[in-house]
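Read the structure below first, then the notes.
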Amino acid sequence: MPPIQVLIAEDHALLVDALQLLLATQPDLHCAGVARNGEQARDLALALQPDVLLLDLGLPLLDGLGVMESLRRAKSSVRVLVVTARLDAQSVRAALALGAAGYLPKNEDSDELLLAIRRVAEGRRHISGAIAQVFVPEAGAVPEVALTASETTILQLVGQGMTSKEISQRLDISEATARKHRENIRRKLGIRNSAEMAAYAVRVQARSPG
């Protein structure tokens with residue numbers, strides 16, 4: 001299997017060097033290129049079509065949200081993993097609304113970053129627990145809802161980054177049934193999209209004892 005092609009979009013030279021060194025230690029990952037500003041990130045992502053775009057939101061010339069807007073307009077299939085210092089709720093929600101498949105703070109450890117890259121490349125989502133706590137309401141702020149046993153299990157699997165197809169295979173149900181459960185969970189919790197549901201699941205798991 002060919003290595004996962006990763007495009008780095010980051011304007012801090014030391015961090016770029018660190019990311020390149022980290023990728024070089026992983027036989028299944030390859031640095032496809034480096035973009036130092038948002039315009040380069042947009043152009044290289046469209047030209048190279050990497051498996052994963054590691055995207056900082058604070059890029060010069062065109063910020064990360066602008067890059068994602070451009071990729072969406074171009075109907076690009078490049079999957080975006082945001083790695084940024086912007087941890088405010090507005091930035092997180094904006095990135096997820098624009099299709100980011102993952103969101104990590106820049107100070108996340110390397111093991112978490114590598115896991116996120118692989119999950120995103122597989123078509124999964126990966127939301128850092130720290131990010132989930134930034135913008136998902138505290139448990140007391142969420143209306144009390146009663147999830148069924150199946151919905152609770154599916155919420156846990158969503159928190160592990162599983163797709164509807166993977167959930168259907170794990171639980172031996174149809175993919176349509178898995179999608180329907182996810183829709184019901186979003187409706188009951190008042191969550192707007194799958195990315196926010198993944199973040200909610202991560203937060204709930206982090207708060208659970210044991």
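To be explicit about the labels: the chains of the structure tokens are called A, B, and onward in the order shown, and within each one the residues are counted from 1, while ligands get numbers from 1 in the order they are shown.
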
Produce a table with one row for each residue of stretch 4-67 of chain A that has an atom at most 10 Å from any atom of stretch 106-110 of chain A, each row naming the nearest atom pair and its distance in Å at one decimal; use only C-alpha atoms; arrange rows by chain and rising residue number; format as a tab-separated table.
residue	atom	partner	partner_atom	distance
A:Leu15	CA	A:Lys106	CA	9.2
A:Ala18	CA	A:Ser110	CA	10.0
A:Leu19	CA	A:Ser110	CA	9.0
A:Leu22	CA	A:Ser110	CA	7.8
A:Leu23	CA	A:Ser110	CA	10.0
A:Asp56	CA	A:Lys106	CA	8.7

key: Who sits within 9 Å of A:Val78, only C-alpha atoms, same chain under 4 positions skipped, as a ChimeraX atom specification   = /A:45-46,49-53,71

Save the residues we just selected, N, CA, C and O atoms, as a PDB file, in the first residue's frame?
ATOM      1  N   ALA A  45      -2.660  22.032  -2.760  1.00  0.00           N
ATOM      2  CA  ALA A  45      -3.678  21.023  -2.453  1.00  0.00           C
ATOM      3  C   ALA A  45      -4.433  20.629  -3.719  1.00  0.00           C
ATOM      4  O   ALA A  45      -4.706  19.444  -3.954  1.00  0.00           O
ATOM      5  N   LEU A  46      -4.765  21.603  -4.540  1.00  0.00           N
ATOM      6  CA  LEU A  46      -5.492  21.307  -5.778  1.00  0.00           C
ATOM      7  C   LEU A  46      -4.598  20.604  -6.797  1.00  0.00           C
ATOM      8  O   LEU A  46      -5.058  19.733  -7.539  1.00  0.00           O
ATOM      9  N   GLN A  49      -3.311  17.012  -4.778  1.00  0.00           N
ATOM     10  CA  GLN A  49      -4.378  16.151  -4.252  1.00  0.00           C
ATOM     11  C   GLN A  49      -3.842  15.180  -3.204  1.00  0.00           C
ATOM     12  O   GLN A  49      -3.937  13.947  -3.346  1.00  0.00           O
ATOM     13  N   PRO A  50      -3.250  15.720  -2.117  1.00  0.00           N
ATOM     14  CA  PRO A  50      -2.734  14.834  -1.066  1.00  0.00           C
ATOM     15  C   PRO A  50      -3.875  14.123  -0.353  1.00  0.00           C
ATOM     16  O   PRO A  50      -5.041  14.514  -0.459  1.00  0.00           O
ATOM     17  N   ASP A  51      -3.528  13.082   0.377  1.00  0.00           N
ATOM     18  CA  ASP A  51      -4.548  12.381   1.168  1.00  0.00           C
ATOM     19  C   ASP A  51      -5.007  13.235   2.345  1.00  0.00           C
ATOM     20  O   ASP A  51      -6.184  13.225   2.710  1.00  0.00           O
ATOM     21  N   VAL A  52      -4.056  13.972   2.930  1.00  0.00           N
ATOM     22  CA  VAL A  52      -4.357  14.806   4.094  1.00  0.00           C
ATOM     23  C   VAL A  52      -3.634  16.138   3.955  1.00  0.00           C
ATOM     24  O   VAL A  52      -2.455  16.178   3.613  1.00  0.00           O
ATOM     25  N   LEU A  53      -4.359  17.213   4.228  1.00  0.00           N
ATOM     26  CA  LEU A  53      -3.765  18.546   4.300  1.00  0.00           C
ATOM     27  C   LEU A  53      -3.696  18.945   5.765  1.00  0.00           C
ATOM     28  O   LEU A  53      -4.729  19.107   6.423  1.00  0.00           O
ATOM     29  N   LEU A  71     -11.165  25.276  -1.407  1.00  0.00           N
ATOM     30  CA  LEU A  71     -11.197  23.848  -1.729  1.00  0.00           C
ATOM     31  C   LEU A  71     -12.633  23.364  -1.886  1.00  0.00           C
ATOM     32  O   LEU A  71     -12.936  22.549  -2.764  1.00  0.00           O
TER      33      LEU A  71
END

key: Contacts of stretch 124-133 of chain A at 10 Å (only C-alpha atoms; same-chain gap of 2+ positions) as a ChimeraX atom specification   = /A:79-82,86-89,92,96,100-105,108,112-113,115-122,135-138,158-164,166,194-207

task = Would you list the contacts of A:Gly64 as a PyMOL selection string, taking every protein, DNA or RNA residue within 12 Å and counting only C-alpha atoms, but skipping same-chain residues closer than 2 positions in sequence?
result = chain A and resi 8-11+35-42+53-62+66-71+80-86+91-92+94-96+98-100

task = Work out how far atom CA of A:Ser76 is from atom CA of A:Leu7, in Å to one decimal.
result =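 Computing it gives 14.1 Å between the two atoms.
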
key: Interatomic distance, atom CA of A:Asn184 to atom CA of A:Leu147 (Å, one decimal)   =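 Separation between atom CA of A:Asn184 and atom CA of A:Leu147: 9.0 Å.
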
task = Assign secondary structure with DSSP using the backbone only, and return the residues of stretch 81-141 of chain A in strand (DSSP E or B) as a ChimeraX atom specification.
result = /A:81-84,102-105,126-127
